[in-house]
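*Asks:* PDB, C-alpha atoms, file structure10.pdb:
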ATOM      1  CA  MET A   1      68.073 -42.657  15.809
ATOM      2  CA  GLN A   2      66.097 -41.832  12.659
ATOM      3  CA  ASP A   3      63.119 -40.085  14.306
ATOM      4  CA  ALA A   4      62.537 -36.332  14.442
ATOM      5  CA  TYR A   5      59.751 -34.230  15.954
ATOM      6  CA  SER A   6      58.700 -30.640  16.550
ATOM      7  CA  VAL A   7      56.032 -28.914  18.652
ATOM      8  CA  SER A   8      55.213 -25.225  18.142
ATOM      9  CA  LYS A   9      52.759 -22.759  19.709
ATOM     10  CA  LEU A  10      51.568 -20.645  16.772
ATOM     11  CA  HIS A  11      49.515 -17.516  16.225
ATOM     12  CA  ASN A  12      45.735 -17.455  16.721
ATOM     13  CA  ASP A  13      45.958 -19.900  19.663
ATOM     14  CA  SER A  14      47.095 -22.691  17.337
ATOM     15  CA  LEU A  15      49.377 -25.578  18.210
ATOM     16  CA  PHE A  16      51.353 -27.595  15.679
ATOM     17  CA  ALA A  17      53.067 -30.934  16.267
ATOM     18  CA  VAL A  18      54.814 -33.326  13.896
ATOM     19  CA  VAL A  19      56.624 -36.657  14.142
ATOM     20  CA  SER A  20      58.684 -38.082  11.284
ATOM     21  CA  ASP A  21      60.523 -41.409  11.139
ATOM     22  CA  GLY A  22      63.397 -41.689   8.685
ATOM     23  CA  ALA A  23      63.649 -45.009   6.864
ATOM     24  CA  GLY A  24      66.299 -47.228   8.404
ATOM     25  CA  SER A  25      67.394 -48.324   4.959
ATOM     26  CA  ALA A  26      67.843 -44.724   3.761
ATOM     27  CA  LYS A  27      71.350 -43.238   4.044
ATOM     28  CA  PHE A  28      69.996 -39.792   4.920
ATOM     29  CA  GLY A  29      66.741 -40.892   6.550
ATOM     30  CA  ALA A  30      67.415 -38.972   9.759
ATOM     31  CA  TYR A  31      68.048 -35.784   7.781
ATOM     32  CA  GLY A  32      64.899 -36.367   5.740
ATOM     33  CA  ALA A  33      62.873 -36.681   8.950
ATOM     34  CA  TRP A  34      64.407 -33.495  10.369
ATOM     35  CA  LEU A  35      63.762 -31.603   7.137
ATOM     36  CA  THR A  36      60.121 -32.752   7.079
ATOM     37  CA  CYS A  37      59.529 -31.481  10.617
ATOM     38  CA  ARG A  38      61.406 -28.231  10.042
ATOM     39  CA  PHE A  39      59.709 -27.444   6.732
ATOM     40  CA  LEU A  40      56.150 -27.963   7.969
ATOM     41  CA  SER A  41      56.777 -26.100  11.232
ATOM     42  CA  VAL A  42      57.941 -23.044   9.285
ATOM     43  CA  GLN A  43      55.074 -23.284   6.785
ATOM     44  CA  PHE A  44      52.398 -23.378   9.487
ATOM     45  CA  ARG A  45      54.073 -20.634  11.527
ATOM     46  CA  GLU A  46      54.140 -18.309   8.526
ATOM     47  CA  TRP A  47      50.585 -19.210   7.525
ATOM     48  CA  THR A  48      49.026 -18.534  10.938
ATOM     49  CA  ARG A  49      50.861 -15.224  11.147
ATOM     50  CA  VAL A  50      48.875 -14.006   8.118
ATOM     51  CA  TYR A  51      45.626 -16.000   7.979
ATOM     52  CA  SER A  52      42.946 -16.810  10.553
ATOM     53  CA  ASN A  53      41.752 -19.928   8.697
ATOM     54  CA  LEU A  54      43.802 -23.055   8.023
ATOM     55  CA  PRO A  55      45.090 -24.040   4.565
ATOM     56  CA  SER A  56      42.836 -26.060   2.271
ATOM     57  CA  ASP A  57      43.607 -29.688   1.458
ATOM     58  CA  GLU A  58      44.923 -28.555  -1.936
ATOM     59  CA  GLU A  59      47.268 -26.018  -0.341
ATOM     60  CA  LEU A  60      48.549 -28.614   2.117
ATOM     61  CA  ALA A  61      49.197 -31.047  -0.737
ATOM     62  CA  ASP A  62      51.114 -28.269  -2.518
ATOM     63  CA  TRP A  63      53.279 -27.848   0.585
ATOM     64  CA  ILE A  64      54.168 -31.534   0.486
ATOM     65  CA  ASP A  65      55.070 -31.158  -3.195
ATOM     66  CA  GLU A  66      57.329 -28.224  -2.288
ATOM     67  CA  LEU A  67      58.941 -30.325   0.451
ATOM     68  CA  ARG A  68      59.568 -33.102  -2.063
ATOM     69  CA  ASP A  69      61.146 -30.597  -4.466
ATOM     70  CA  ARG A  70      63.513 -29.460  -1.707
ATOM     71  CA  VAL A  71      64.471 -33.038  -0.928
ATOM     72  CA  SER A  72      65.146 -33.680  -4.628
ATOM     73  CA  ALA A  73      67.359 -30.600  -4.859
ATOM     74  CA  ILE A  74      69.363 -31.619  -1.781
ATOM     75  CA  ALA A  75      69.653 -35.178  -3.082
ATOM     76  CA  THR A  76      71.083 -33.857  -6.357
ATOM     77  CA  GLN A  77      73.612 -31.737  -4.459
ATOM     78  CA  ARG A  78      74.746 -34.815  -2.537
ATOM     79  CA  GLU A  79      74.810 -36.997  -5.667
ATOM     80  CA  SER A  80      72.101 -39.144  -4.153
ATOM     81  CA  THR A  81      68.395 -39.852  -4.720
ATOM     82  CA  PRO A  82      65.240 -38.720  -2.865
ATOM     83  CA  ARG A  83      64.733 -42.313  -1.688
ATOM     84  CA  GLN A  84      67.827 -41.943   0.489
ATOM     85  CA  PHE A  85      65.962 -39.211   2.420
ATOM     86  CA  ALA A  86      62.784 -41.268   2.897
ATOM     87  CA  SER A  87      60.697 -40.489   5.976
ATOM     88  CA  THR A  88      57.144 -40.889   7.249
ATOM     89  CA  LEU A  89      54.879 -38.081   8.428
ATOM     90  CA  ALA A  90      52.334 -37.617  11.213
ATOM     91  CA  ALA A  91      51.393 -33.995  11.834
ATOM     92  CA  ILE A  92      48.510 -32.107  13.423
ATOM     93  CA  ILE A  93      47.565 -28.466  13.794
ATOM     94  CA  VAL A  94      44.982 -27.703  16.463
ATOM     95  CA  THR A  95      42.984 -24.455  16.536
ATOM     96  CA  PRO A  96      39.938 -23.415  18.561
ATOM     97  CA  ASP A  97      37.807 -24.297  15.509
ATOM     98  CA  GLU A  98      39.263 -27.546  14.150
ATOM     99  CA  ALA A  99      42.151 -29.992  14.066
ATOM    100  CA  VAL A 100      43.801 -30.955  10.783
ATOM    101  CA  THR A 101      46.098 -33.943  10.348
ATOM    102  CA  LEU A 102      48.603 -34.847   7.629
ATOM    103  CA  HIS A 103      49.732 -38.449   7.465
ATOM    104  CA  VAL A 104      52.062 -40.608   5.380
ATOM    105  CA  GLY A 105      53.265 -44.054   6.487
ATOM    106  CA  ASP A 106      53.290 -46.080   9.675
ATOM    107  CA  SER A 107      53.333 -43.389  12.360
ATOM    108  CA  ALA A 108      49.987 -42.572  13.999
ATOM    109  CA  ILE A 109      47.847 -39.914  15.687
ATOM    110  CA  VAL A 110      45.156 -40.473  18.316
ATOM    111  CA  GLY A 111      42.732 -38.053  19.958
ATOM    112  CA  ARG A 112      40.971 -38.094  23.325
ATOM    113  CA  LYS A 113      37.271 -37.292  23.498
ATOM    114  CA  GLY A 114      36.139 -37.462  27.109
ATOM    115  CA  THR A 115      37.235 -40.921  28.262
ATOM    116  CA  LYS A 116      37.518 -42.378  24.768
ATOM    117  CA  TRP A 117      40.541 -42.466  22.488
ATOM    118  CA  ASP A 118      39.991 -42.359  18.721
ATOM    119  CA  VAL A 119      42.623 -43.245  16.148
ATOM    120  CA  LEU A 120      42.704 -40.262  13.788
ATOM    121  CA  CYS A 121      45.516 -41.603  11.577
ATOM    122  CA  TRP A 122      46.046 -45.353  11.499
ATOM    123  CA  PRO A 123      49.529 -46.682  10.586
ATOM    124  CA  GLU A 124      49.744 -47.717   6.948
ATOM    125  CA  ASN A 125      52.117 -50.454   5.877
ATOM    126  CA  GLY A 126      53.406 -51.027   2.373
ATOM    127  CA  GLU A 127      52.960 -53.854  -0.050
ATOM    128  CA  TYR A 128      55.624 -56.009   1.600
ATOM    129  CA  ALA A 129      56.220 -57.049   5.202
ATOM    130  CA  SER A 130      57.982 -54.417   7.339
ATOM    131  CA  SER A 131      57.550 -51.801   4.613
ATOM    132  CA  THR A 132      55.597 -48.556   4.635
ATOM    133  CA  TYR A 133      54.985 -45.369   2.667
ATOM    134  CA  PHE A 134      57.208 -42.281   2.618
ATOM    135  CA  VAL A 135      56.967 -38.614   1.735
ATOM    136  CA  THR A 136      59.516 -39.206  -1.031
ATOM    137  CA  ASP A 137      57.603 -42.054  -2.742
ATOM    138  CA  ASP A 138      57.441 -41.879  -6.527
ATOM    139  CA  PRO A 139      55.417 -40.692  -8.367
ATOM    140  CA  GLU A 140      53.556 -39.206  -5.371
ATOM    141  CA  PRO A 141      53.182 -39.849  -1.650
ATOM    142  CA  ARG A 142      50.217 -41.622  -0.091
ATOM    143  CA  LEU A 143      49.115 -38.464   1.727
ATOM    144  CA  ASN A 144      46.023 -38.541   3.940
ATOM    145  CA  ILE A 145      44.518 -35.281   5.218
ATOM    146  CA  THR A 146      41.670 -35.280   7.759
ATOM    147  CA  ARG A 147      39.748 -32.521   9.493
ATOM    148  CA  GLN A 148      38.240 -32.939  12.936
ATOM    149  CA  LEU A 149      35.698 -30.855  14.840
ATOM    150  CA  PRO A 150      36.979 -29.199  18.056
ATOM    151  CA  GLU A 151      35.742 -32.083  20.206
ATOM    152  CA  TYR A 152      39.085 -33.546  21.344
ATOM    153  CA  ASP A 153      40.844 -32.401  24.512
ATOM    154  CA  GLY A 154      44.073 -34.330  24.041
ATOM    155  CA  PHE A 155      46.233 -35.825  21.332
ATOM    156  CA  ALA A 156      49.191 -38.163  20.927
ATOM    157  CA  LEU A 157      51.493 -38.510  17.909
ATOM    158  CA  PHE A 158      53.970 -41.358  17.729
ATOM    159  CA  SER A 159      56.296 -43.269  15.456
ATOM    160  CA  ASP A 160      55.828 -46.953  14.682
ATOM    161  CA  GLY A 161      57.991 -48.113  17.577
ATOM    162  CA  VAL A 162      55.314 -46.912  19.994
ATOM    163  CA  GLY A 163      52.465 -48.379  17.954
ATOM    164  CA  ASP A 164      53.080 -51.907  19.235
ATOM    165  CA  LEU A 165      52.519 -50.645  22.785
ATOM    166  CA  ALA A 166      49.723 -48.158  22.195
ATOM    167  CA  LEU A 167      47.469 -49.755  19.577
ATOM    168  CA  SER A 168      45.415 -52.906  19.200
ATOM    169  CA  TYR A 169      45.998 -54.003  15.627
ATOM    170  CA  PHE A 170      43.322 -56.694  15.921
ATOM    171  CA  GLU A 171      40.612 -54.214  16.966
ATOM    172  CA  GLN A 172      42.209 -51.221  15.216
ATOM    173  CA  SER A 173      41.836 -49.135  18.351
ATOM    174  CA  ALA A 174      43.940 -47.216  20.869
ATOM    175  CA  HIS A 175      44.722 -48.598  24.331
ATOM    176  CA  PRO A 176      43.280 -46.215  26.980
ATOM    177  CA  ARG A 177      45.403 -47.968  29.623
ATOM    178  CA  PHE A 178      48.489 -46.796  27.754
ATOM    179  CA  PHE A 179      47.441 -43.217  27.025
ATOM    180  CA  ASP A 180      45.457 -42.243  30.143
ATOM    181  CA  PRO A 181      48.364 -42.414  32.618
ATOM    182  CA  MET A 182      50.688 -40.891  30.019
ATOM    183  CA  LEU A 183      48.520 -37.797  29.558
ATOM    184  CA  ARG A 184      47.427 -37.340  33.166
ATOM    185  CA  PRO A 185      50.512 -35.358  34.286
ATOM    186  CA  VAL A 186      50.311 -33.297  31.084
ATOM    187  CA  ASP A 187      46.712 -32.413  31.941
ATOM    188  CA  ALA A 188      47.793 -31.378  35.432
ATOM    189  CA  ALA A 189      50.458 -29.048  34.051
ATOM    190  CA  LEU A 190      48.227 -27.433  31.416
ATOM    191  CA  GLY A 191      49.536 -24.028  30.366
ATOM    192  CA  GLU A 192      53.150 -24.637  31.389
ATOM    193  CA  GLY A 193      54.425 -25.318  27.871
ATOM    194  CA  ARG A 194      56.981 -28.040  27.260
ATOM    195  CA  LEU A 195      57.494 -30.200  30.362
ATOM    196  CA  VAL A 196      61.224 -30.877  30.458
ATOM    197  CA  GLU A 197      61.274 -33.146  33.509
ATOM    198  CA  LEU A 198      58.317 -35.191  32.308
ATOM    199  CA  SER A 199      59.849 -35.472  28.838
ATOM    200  CA  GLY A 200      63.001 -36.881  30.390
ATOM    201  CA  LYS A 201      61.066 -39.465  32.373
ATOM    202  CA  LEU A 202      59.100 -40.455  29.277
ATOM    203  CA  ALA A 203      62.299 -40.860  27.256
ATOM    204  CA  THR A 204      63.776 -43.049  30.001
ATOM    205  CA  TYR A 205      60.661 -45.219  30.036
ATOM    206  CA  LEU A 206      60.590 -45.668  26.254
ATOM    207  CA  ALA A 207      64.280 -46.595  26.261
ATOM    208  CA  GLY A 208      63.870 -49.033  29.164
ATOM    209  CA  PRO A 209      64.148 -52.812  28.907
ATOM    210  CA  SER A 210      60.422 -53.473  29.453
ATOM    211  CA  VAL A 211      59.627 -51.453  26.316
ATOM    212  CA  CYS A 212      62.610 -52.469  24.208
ATOM    213  CA  GLU A 213      61.785 -56.137  24.756
ATOM    214  CA  ARG A 214      58.554 -55.526  22.830
ATOM    215  CA  THR A 215      59.895 -53.296  20.069
ATOM    216  CA  ASP A 216      63.383 -52.505  18.769
ATOM    217  CA  ASP A 217      62.280 -49.597  16.527
ATOM    218  CA  ASP A 218      62.918 -45.939  17.281
ATOM    219  CA  LYS A 219      60.258 -44.616  19.647
ATOM    220  CA  THR A 220      58.976 -41.030  19.642
ATOM    221  CA  LEU A 221      55.823 -39.977  21.490
ATOM    222  CA  VAL A 222      54.380 -36.442  21.592
ATOM    223  CA  LEU A 223      51.564 -35.737  24.074
ATOM    224  CA  ILE A 224      49.278 -32.695  23.823
ATOM    225  CA  SER A 225      46.660 -31.661  26.387
ATOM    226  CA  GLY A 226      43.937 -29.035  26.133
ATOM    227  CA  GLY A 227      43.506 -29.134  22.357
TER     228      GLY A 227
END
Give the structure from the file, written as structure tokens.

*Replies:*
Amino acid sequence: MQDAYSVSKLHNDSLFAVVSDGAGSAKFGAYGAWLTCRFLSVQFREWTRVYSNLPSDEELADWIDELRDRVSAIATQRESTPRQFASTLAAIIVTPDEAVTLHVGDSAIVGRKGTKWDVLCWPENGEYASSTYFVTDDPEPRLNITRQLPEYDGFALFSDGVGDLALSYFEQSAHPRFFDPMLRPVDAALGEGRLVELSGKLATYLAGPSVCERTDDDKTLVLISGG
């Protein structure tokens, strides 16, 4: 499996979540995905410990540059290239005042506003079929940063394997019939932190034959309630 993810409760009532999908054609794609999640989790944890406001778009872009420098250094140590650590990025930090997303590639983020689901970060594919964009792209990544008002009460982040189930590519919209029942038990358990039993059931469902018949990609889905 090439996917990695992380969810962290931070200072100032902030919550950070990230999903990264390592390129299947990259020798160290899984490590690149793990490093992306680890690096950003640490950066946001340290930031919220000191500051009450979130980083600017320029500061966030600088973080991605620093991440790319780390990947380059590790690639040199392993006598490899940054491309062999290629991974996508879908991350969100939610505070009482706003939600900020960082996005590169074909993963996605959706938000729930009342009974409606909005796609906050739409999957982006590359120039060729079955290709996409990566954090390690040269000369720079196709990084999208968005800022949302505190009007969403739920979020979902997912890698491209879930996109075929959760999104309508024709209408460029999210499927409420997919997300509503997924988030309902998370809503009911609000305040309990990570739901181990529910996570296990979700993993079993995503690995089941009814899902795998529709997509053979890695599938990671992070659900957040009460944003």

*Asks:* Can you work out which one of A:Ser225, A:Thr76, A:Asn125, A:Ser56 has the shortest atom-to-atom distance to A:Val104, counting all atoms listed in the file?

*Replies:*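 Distance minimum relative to A:Val104 lands on A:Asn125.
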
*Asks:* For a cutoff of 12 Å around the file-coordinate point (49.0, -20.5, 8.9), which residues qualify once you count all atoms listed in the file? I'd like the result as a tab-separated table (two decimals) with C-alpha atoms, keeping the file's coordinate frame.

*Replies:*
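What ended up in out12.tsv:
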chain	number	residue	atom	x	y	z
A	9	LYS	CA	52.76	-22.76	19.71
A	10	LEU	CA	51.57	-20.64	16.77
A	11	HIS	CA	49.52	-17.52	16.23
A	12	ASN	CA	45.74	-17.45	16.72
A	13	ASP	CA	45.96	-19.90	19.66
A	14	SER	CA	47.10	-22.69	17.34
A	15	LEU	CA	49.38	-25.58	18.21
A	16	PHE	CA	51.35	-27.60	15.68
A	40	LEU	CA	56.15	-27.96	7.97
A	41	SER	CA	56.78	-26.10	11.23
A	42	VAL	CA	57.94	-23.04	9.28
A	43	GLN	CA	55.07	-23.28	6.78
A	44	PHE	CA	52.40	-23.38	9.49
A	45	ARG	CA	54.07	-20.63	11.53
A	46	GLU	CA	54.14	-18.31	8.53
A	47	TRP	CA	50.58	-19.21	7.52
A	48	THR	CA	49.03	-18.53	10.94
A	49	ARG	CA	50.86	-15.22	11.15
A	50	VAL	CA	48.88	-14.01	8.12
A	51	TYR	CA	45.63	-16.00	7.98
A	52	SER	CA	42.95	-16.81	10.55
A	53	ASN	CA	41.75	-19.93	8.70
A	54	LEU	CA	43.80	-23.06	8.02
A	55	PRO	CA	45.09	-24.04	4.57
A	56	SER	CA	42.84	-26.06	2.27
A	59	GLU	CA	47.27	-26.02	-0.34
A	60	LEU	CA	48.55	-28.61	2.12
A	63	TRP	CA	53.28	-27.85	0.58
A	93	ILE	CA	47.56	-28.47	13.79
A	94	VAL	CA	44.98	-27.70	16.46
A	95	THR	CA	42.98	-24.46	16.54
A	100	VAL	CA	43.80	-30.96	10.78

*Asks:* Can you tell me, as a ChimeraX atom specification, what residues are no more than 9 Å from A:Ala91 when counting only C-alpha atoms, ignoring any on the same chain fewer than 6 positions away?

*Replies:* /A:16-20,37,40,100-103,108-109,157

*Asks:* Please write the residues picked by the PyMOL selection byres ((chain A and resi 172) around 10) on this file as a ChimeraX atom specification.

*Replies:* /A:118-119,122-123,167-171,173-175

*Asks:* Quick one: apply the PyMOL selection byres ((chain A and resi 139-150) around 7) to the file and drop the selected residues here as a list of chain:residue names.

*Replies:*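 Applying the PyMOL selection byres ((chain A and resi 139-150) around 7) to the structure shown produces A:Asp57, A:Pro96, A:Asp97, A:Glu98, A:Ala99, A:Val100, A:Thr101, A:Leu102, A:His103, A:Val104, A:Tyr133, A:Phe134, A:Val135, A:Thr136, A:Asp137, A:Asp138, A:Glu151, A:Tyr152.
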
*Asks:* Rounded to one decimal place, report the atom CA of A:Asp153-atom CA of A:Lys116 distance in Å.

*Replies:* 10.5 Å

*Asks:* What gap, in Å, lies between atom CA of A:Arg70 and atom CA of A:Asp3?

*Replies:*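 Between atom CA of A:Arg70 and atom CA of A:Asp3 the gap works out to 19.2 Å.
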
*Asks:* Which residues are close to A:Gly226, i.e. within 10 Å by only C-alpha atoms, leaving aside same-chain residues fewer than 5 positions away? Reply as a list in words.

*Replies:* Val94, Arg112, Tyr152, Asp153, Gly154, Phe155, Val186, Asp187, Leu190 and Gly191 of chain A

*Asks:* Please compute the atom CA of A:Ala61-atom CA of A:Ser25 distance, one decimal, in Å.

*Replies:*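 Computing the Euclidean distance for atom CA of A:Ala61 and atom CA of A:Ser25 yields 25.7 Å.
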
*Asks:* Mind telling me what the PyMOL selection byres ((chain A and resi 36) around 8) catches here, as a list of chain:residue names?

*Replies:*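 In the shown coordinates, the PyMOL selection byres ((chain A and resi 36) around 8) covers A:Ser20, A:Gly32, A:Ala33, A:Trp34, A:Leu35, A:Cys37, A:Arg38, A:Phe39, A:Leu40, A:Leu67, A:Ser87, A:Leu89.
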
*Asks:* Out of A:Leu120, A:Leu165, A:Ile92, A:Ala73, which residue has the shortest atom-to-atom distance to A:Ile224 when counting all atoms listed in the file?

*Replies:*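 Under the stated criterion, the closest residue is A:Ile92.
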
*Asks:* Using only C-alpha atoms, pick whichever of A:Thr115, A:Ser8, A:Ser131, A:Ser72 has the shortest atom-to-atom distance to A:Gln84.

*Replies:*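 Among A:Thr115, A:Ser8, A:Ser131, A:Ser72, it is A:Ser72 that comes nearest to A:Gln84.
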